[in-house]
Amino acid sequence: MIVFPVTASTISAKALGVFAKEKYNLNKDYECKLFRTGMNHTYFLSDNKTNYVLRVYSHNWRSKSEIFEEIKLLTLLKENNLSVSFPIQDKNGQFIQEINAPEGIRYVVLFSFAQGNKVRFMDQETCFSIGTLMAKIHNLTLNKTIDRISYDKKSLLELPYKHLKQYFSETLPEMEFIKKIGDSFQKTDFSNIQNGVIHMDIWYDNMSVANKKEMTIFDFDFCGNGPQVLDIGYFCKQLFHIETDKKEYQLKVQAFLNGYQSIKPLSKKELRLIPKAGIAVFIFYLGIQSQRFDWSNIFLSENYLKMYVGRLKSWIDYHNI
């Protein structure tokens, strides 16, 4: 029989556990379990006392140098006592492992475990605390850059539309709507606002919360350079779709912004740009889902596109953009 090549595989948790225990000098009681597959694959390592997270990057998703930039950023944040899941060195002082998967080389990084729980429906106190932590991260990364993607009109709007065209006709009303949004951003001025290194994916699914106001942010896989208001806009937009009661949403988003501005003030221009920043990041991730069709094809369909654009429209209507 012909042996066919593989584009994506799921590494054996048992084999990965043996590999990790040897690389990181972990005791024999550690067990490795697959937590979830997705953009990358996540495994948990535990001996019932201490937990770690192993991320197995997808083949050809991030280069070794891109991962190293993510590690440098997380190390900086940890050294400044900011609550993030941080990378852990192996017994030889290395952060990045390489494994020879069927599809080719895949990189592996061990991270600290974020204590607490994912909280989808947050109260105002938690939203305030998230705002303060985000602002502290932004303060530390203000005017800094890393050797990774820069988030601008091209990467946020133009390239995602090109990826979408591979799967959807440009004559679909939803595609015309997305293109119109992209065209309208040519007149949006994102200059003269605060720039730095940004996370780009801060929402409830990428943080653990303990005691309402103790939180740890993780998954910096999309970190890069750009206007810091993008992080703010994305969090606000995710909160908007989670909180169906818009009176409650307004109270919670104001608590978040109050928390942020208690650490790092926003200009009037940045506050005005929050709704458009949220739109830009949402379209970016729709493009990512098309780019990574190997991961997203179970839901990437015309019905999904209609739903996604419907969410964009509800946000736009709410803010009278």
# chains A, B, ... in the order shown; residues from 1 in each chain; ligands from 1

$ residues_around --residues "segment 205-220 of chain A" --least-positions-apart "2" --cutoff "6 Å" --atoms "only C-alpha atoms" --output "list in words"
Ser83, Val84, Ser85, Ala114, Gly116, Asn117, Lys118, Thr126, Ser129, His199, Trp203, Phe222 and Cys223 of chain A

$ select_by_dssp --residues "segment 248-315 of chain A" --states "alpha helix (DSSP H)" --output "number ranges by chain"
A: 248-261, 268-291, 293-296, 302-315

$ closest_atom_pairs --of "segment 89-178 of chain A" --to "segment 3-25 of chain A" --cutoff "7 Å" --atoms "only C-alpha atoms" --output "JSON lines"
{"residue": "A:Asp90", "atom": "CA", "partner": "A:Tyr24", "partner_atom": "CA", "distance": 4.6}
{"residue": "A:Lys91", "atom": "CA", "partner": "A:Tyr24", "partner_atom": "CA", "distance": 5.3}
{"residue": "A:Pro102", "atom": "CA", "partner": "A:Val6", "partner_atom": "CA", "distance": 6.0}
{"residue": "A:Glu103", "atom": "CA", "partner": "A:Val6", "partner_atom": "CA", "distance": 5.0}

$ write_last_selection --atoms "C-alpha atoms" --output "mmCIF file, in the first residue's frame"
data_model
loop_
_atom_site.group_PDB
_atom_site.id
_atom_site.type_symbol
_atom_site.label_atom_id
_atom_site.label_comp_id
_atom_site.auth_asym_id
_atom_site.auth_seq_id
_atom_site.Cartn_x
_atom_site.Cartn_y
_atom_site.Cartn_z
ATOM 1 C CA ASP A 90 14.315 22.618 29.991
ATOM 2 C CA LYS A 91 17.204 20.989 31.866
ATOM 3 C CA PRO A 102 4.696 12.911 10.319
ATOM 4 C CA GLU A 103 4.062 16.249 8.562
#

$ closest_residue --among "A:Met134, A:Leu300, A:Ile181, A:Leu142" --to "Asp201 of chain A" --atoms "only C-alpha atoms"
A:Met134

$ atom_distance --atom1 "atom CA of Asn60 of chain A" --atom2 "atom CA of Gln166 of chain A"
19.6 Å

$ closest_residue --among "A:Phe113, A:Tyr167, A:Phe121, A:Phe177" --to "Lys306 of chain A" --atoms "only C-alpha atoms"
A:Phe177

$ atom_distance --atom1 "atom CA of Ile146 of chain A" --atom2 "atom CA of Arg62 of chain A"
14.4 Å

$ atom_distance --atom1 "atom CA of Asp189 of chain A" --atom2 "atom CA of Lys269 of chain A"
9.4 Å

$ closest_residue --among "A:Gly38, A:Ile149, A:Pro227, A:Glu270" --to "Ser63 of chain A" --atoms "only C-alpha atoms"
A:Ile149

$ closest_residue --among "A:Gln228, A:Asn51, A:Asn139, A:Gln97" --to "Gln115 of chain A" --atoms "only C-alpha atoms"
A:Asn51

$ residues_around --residues "Ala277 of chain A" --least-positions-apart "4" --cutoff "12 Å" --atoms "only C-alpha atoms" --output "JSON, numbers by chain"
{"A": [151, 152, 153, 156, 157, 181, 185, 188, 189, 190, 200, 226, 227, 228, 229, 230, 231, 232, 233, 234, 235, 236, 237, 269, 270, 271, 272, 273, 281, 282, 283, 284, 312, 315, 316, 321]}

$ select_by_dssp --residues "segment 148-257 of chain A" --states "strand (DSSP E)" --output "VMD selection string"
chain A and resid 195 to 198 207 to 210 214 to 217 224 to 227

$ residues_around --residues "segment 259-262 of chain A" --least-positions-apart "6" --cutoff "8 Å" --atoms "only C-alpha atoms" --output "list in words"
Cys127, Phe128, Ser129, Ile130, Gly131, Thr132, Leu133, Met134 and Ala135 of chain A
